[in-house]
Amino acid sequence: PFHTPTFILTHHPRPSIEMEGGTTFHFLDTSPAQALETAREAAGGQDVRIGGGPTVIRDFLAAGLIDHMHIVVVPILLGRGVRLWDGLEGQEKDYGVEATTSPSGVTHLTFTRSGL
């Protein structure tokens, strides 16, 4: 579906899965920094995107590995889960933040590392 190598952080390594269309899923049991380095090597100078849930994003933010981030906030309360910003106090000093709202109530937050 992505037409590019895709690296998945996991605690359960398994063989890579190659799909038609050029997507190969690689499962890595490693640190965010090492996973990013592996993805950068595979990208050959092109952009690398990080996707995932709040735990993955928090790990990459805490390690200082995110230059640009787009978060979509949907006004739905699900009841529980992992909070994105817990333990990341002070991150706002490293990023310029832009917010855009839509009539549906969805808010798009764009974070860009200062100095880029």
# chains A, B, ... in the order shown; residues from 1 in each chain; ligands from 1

call {"tool": "select_by_dssp", "arguments": {"residues": "chain A", "states": "strand (DSSP E)", "output": "NGL selection string"}}
result
:A and (5-9 or 17-18 or 24-28 or 68-73 or 95-101 or 107-113)

call {"tool": "closest_atom_pairs", "arguments": {"of": "stretch 80-99 of chain A", "to": "stretch 41-62 of chain A", "cutoff": "10 Å", "atoms": "only C-alpha atoms", "output": "Markdown table"}}
result
| residue | atom | partner | partner_atom | distance |
| --- | --- | --- | --- | --- |
| A:Gly81 | CA | A:Pro54 | CA | 9.0 |
| A:Val82 | CA | A:Pro54 | CA | 6.3 |
| A:Arg83 | CA | A:Pro54 | CA | 6.7 |
| A:Leu84 | CA | A:Pro54 | CA | 4.9 |
| A:Trp85 | CA | A:Arg58 | CA | 7.3 |
| A:Asp86 | CA | A:Arg58 | CA | 8.5 |
| A:Gly87 | CA | A:Arg58 | CA | 8.5 |
| A:Leu88 | CA | A:Ala62 | CA | 6.8 |
| A:Glu89 | CA | A:Ala62 | CA | 9.9 |
| A:Gln91 | CA | A:Leu61 | CA | 8.1 |

call {"tool": "write_last_selection", "arguments": {"atoms": "all heavy atoms", "output": "mmCIF file, in the first residue's frame"}}
result
data_model
loop_
_atom_site.group_PDB
_atom_site.id
_atom_site.type_symbol
_atom_site.label_atom_id
_atom_site.label_comp_id
_atom_site.auth_asym_id
_atom_site.auth_seq_id
_atom_site.Cartn_x
_atom_site.Cartn_y
_atom_site.Cartn_z
ATOM 1 N N GLY A 81 -6.800 5.317 27.097
ATOM 2 C CA GLY A 81 -5.726 5.121 26.135
ATOM 3 C C GLY A 81 -4.473 5.817 26.605
ATOM 4 O O GLY A 81 -4.398 6.314 27.729
ATOM 5 N N VAL A 82 -3.476 5.874 25.765
ATOM 6 C CA VAL A 82 -2.202 6.509 26.082
ATOM 7 C C VAL A 82 -2.285 7.978 25.707
ATOM 8 O O VAL A 82 -2.652 8.325 24.584
ATOM 9 C CB VAL A 82 -1.052 5.815 25.317
ATOM 10 C CG1 VAL A 82 0.264 6.516 25.574
ATOM 11 C CG2 VAL A 82 -0.972 4.350 25.697
ATOM 12 N N ARG A 83 -1.940 8.826 26.652
ATOM 13 C CA ARG A 83 -1.961 10.271 26.412
ATOM 14 C C ARG A 83 -0.672 10.684 25.691
ATOM 15 O O ARG A 83 0.422 10.342 26.139
ATOM 16 C CB ARG A 83 -2.146 11.014 27.718
ATOM 17 C CG ARG A 83 -3.492 10.718 28.364
ATOM 18 C CD ARG A 83 -3.574 11.257 29.783
ATOM 19 N NE ARG A 83 -3.196 12.645 29.882
ATOM 20 C CZ ARG A 83 -4.061 13.666 29.891
ATOM 21 N NH1 ARG A 83 -5.351 13.443 29.837
ATOM 22 N NH2 ARG A 83 -3.622 14.903 29.974
ATOM 23 N N LEU A 84 -0.808 11.406 24.599
ATOM 24 C CA LEU A 84 0.339 11.770 23.766
ATOM 25 C C LEU A 84 1.366 12.615 24.508
ATOM 26 O O LEU A 84 2.562 12.385 24.392
ATOM 27 C CB LEU A 84 -0.140 12.508 22.510
ATOM 28 C CG LEU A 84 0.941 12.989 21.554
ATOM 29 C CD1 LEU A 84 1.781 11.828 21.042
ATOM 30 C CD2 LEU A 84 0.326 13.742 20.393
ATOM 31 N N TRP A 85 0.944 13.605 25.280
ATOM 32 C CA TRP A 85 1.881 14.583 25.814
ATOM 33 C C TRP A 85 2.411 14.262 27.203
ATOM 34 O O TRP A 85 3.295 14.954 27.697
ATOM 35 C CB TRP A 85 1.241 15.967 25.805
ATOM 36 C CG TRP A 85 0.831 16.365 24.425
ATOM 37 C CD1 TRP A 85 -0.439 16.558 23.977
ATOM 38 C CD2 TRP A 85 1.684 16.579 23.297
ATOM 39 N NE1 TRP A 85 -0.430 16.864 22.644
ATOM 40 C CE2 TRP A 85 0.856 16.895 22.197
ATOM 41 C CE3 TRP A 85 3.053 16.531 23.098
ATOM 42 C CZ2 TRP A 85 1.364 17.167 20.926
ATOM 43 C CZ3 TRP A 85 3.552 16.797 21.832
ATOM 44 C CH2 TRP A 85 2.710 17.114 20.768
ATOM 45 N N ASP A 86 1.916 13.226 27.878
ATOM 46 C CA ASP A 86 2.412 12.901 29.217
ATOM 47 C C ASP A 86 3.911 12.631 29.190
ATOM 48 O O ASP A 86 4.407 11.844 28.379
ATOM 49 C CB ASP A 86 1.690 11.671 29.791
ATOM 50 C CG ASP A 86 0.291 11.995 30.285
ATOM 51 O OD1 ASP A 86 -0.093 13.184 30.269
ATOM 52 O OD2 ASP A 86 -0.419 11.052 30.677
ATOM 53 N N GLY A 87 4.638 13.304 30.083
ATOM 54 C CA GLY A 87 6.085 13.113 30.179
ATOM 55 C C GLY A 87 6.893 13.887 29.161
ATOM 56 O O GLY A 87 8.109 13.754 29.117
ATOM 57 N N LEU A 88 6.246 14.696 28.349
ATOM 58 C CA LEU A 88 6.959 15.455 27.311
ATOM 59 C C LEU A 88 6.887 16.956 27.576
ATOM 60 O O LEU A 88 6.956 17.762 26.653
ATOM 61 C CB LEU A 88 6.375 15.138 25.928
ATOM 62 C CG LEU A 88 6.598 13.715 25.434
ATOM 63 C CD1 LEU A 88 5.836 13.483 24.129
ATOM 64 C CD2 LEU A 88 8.080 13.419 25.238
ATOM 65 N N GLU A 89 6.777 17.329 28.834
ATOM 66 C CA GLU A 89 6.689 18.740 29.174
ATOM 67 C C GLU A 89 7.888 19.505 28.622
ATOM 68 O O GLU A 89 9.010 19.018 28.650
ATOM 69 C CB GLU A 89 6.617 18.916 30.701
ATOM 70 C CG GLU A 89 5.344 18.406 31.312
ATOM 71 C CD GLU A 89 5.315 16.894 31.525
ATOM 72 O OE1 GLU A 89 6.361 16.224 31.356
ATOM 73 O OE2 GLU A 89 4.237 16.383 31.835
ATOM 74 N N GLN A 91 8.343 20.388 25.456
ATOM 75 C CA GLN A 91 8.581 20.163 24.020
ATOM 76 C C GLN A 91 8.242 21.397 23.189
ATOM 77 O O GLN A 91 8.867 21.641 22.166
ATOM 78 C CB GLN A 91 7.747 18.978 23.518
ATOM 79 C CG GLN A 91 8.229 17.632 23.987
ATOM 80 C CD GLN A 91 9.479 17.182 23.268
ATOM 81 O OE1 GLN A 91 9.631 17.373 22.074
ATOM 82 N NE2 GLN A 91 10.389 16.597 23.999
#

call {"tool": "select_by_dssp", "arguments": {"residues": "stretch 43-105 of chain A", "states": "alpha helix (DSSP H)", "output": "list in words"}}
result
Ala43, Pro54, Thr55, Val56, Ile57, Arg58, Asp59, Phe60, Leu61 and Ala62 of chain A

call {"tool": "write_last_selection", "arguments": {"atoms": "C-alpha atoms", "output": "short mmCIF file (atom, residue, chain, number, x, y, z; two decimals), in the first residue's frame"}}
result
data_model
loop_
_atom_site.label_atom_id
_atom_site.label_comp_id
_atom_site.auth_asym_id
_atom_site.auth_seq_id
_atom_site.Cartn_x
_atom_site.Cartn_y
_atom_site.Cartn_z
CA ALA A 43 15.22 6.21 1.73
CA PRO A 54 1.04 7.85 20.89
CA THR A 55 3.68 5.52 22.37
CA VAL A 56 5.73 5.52 19.16
CA ILE A 57 5.40 9.28 18.70
CA ARG A 58 6.35 9.93 22.34
CA ASP A 59 9.45 7.74 22.01
CA PHE A 60 10.62 9.60 18.89
CA LEU A 61 9.86 13.03 20.41
CA ALA A 62 11.66 12.19 23.65
#

call {"tool": "closest_residue", "arguments": {"among": "A:Leu65, A:Leu78, A:Ile71, A:Val97", "to": "A:Glu37", "atoms": "only C-alpha atoms"}}
result
A:Leu65

call {"tool": "atom_distance", "arguments": {"atom1": "atom CA of A:Gln34", "atom2": "atom CA of A:Phe7"}}
result
10.9 Å

call {"tool": "residues_around", "arguments": {"residues": "stretch 14-23 of chain A", "least_positions_apart": "4", "cutoff": "8 Å", "atoms": "only C-alpha atoms", "output": "list in words"}}
result
Pro1, Phe2, His3, Thr4, Pro5, Thr6 and Phe27 of chain A

call {"tool": "write_last_selection", "arguments": {"atoms": "N, CA and C atoms", "output": "CSV table (one decimal), in the first residue's frame"}}
result
chain,number,residue,atom,x,y,z
A,1,PRO,N,0.8,-1.2,0.0
A,1,PRO,CA,0.0,0.0,0.0
A,1,PRO,C,0.8,1.3,0.0
A,2,PHE,N,2.1,1.2,0.4
A,2,PHE,CA,2.9,2.4,0.5
A,2,PHE,C,3.9,2.5,-0.6
A,3,HIS,N,4.2,1.4,-1.3
A,3,HIS,CA,5.1,1.4,-2.4
A,3,HIS,C,6.5,1.8,-2.0
A,4,THR,N,6.9,1.4,-0.8
A,4,THR,CA,8.2,1.8,-0.3
A,4,THR,C,8.5,0.8,0.9
A,5,PRO,N,9.8,0.7,1.2
A,5,PRO,CA,10.1,-0.1,2.4
A,5,PRO,C,9.4,0.5,3.7
A,6,THR,N,8.9,-0.3,4.5
A,6,THR,CA,8.2,0.2,5.7
A,6,THR,C,8.8,-0.5,6.9
A,27,PHE,N,10.2,-5.8,10.2
A,27,PHE,CA,9.9,-5.7,11.7
A,27,PHE,C,11.2,-5.6,12.5
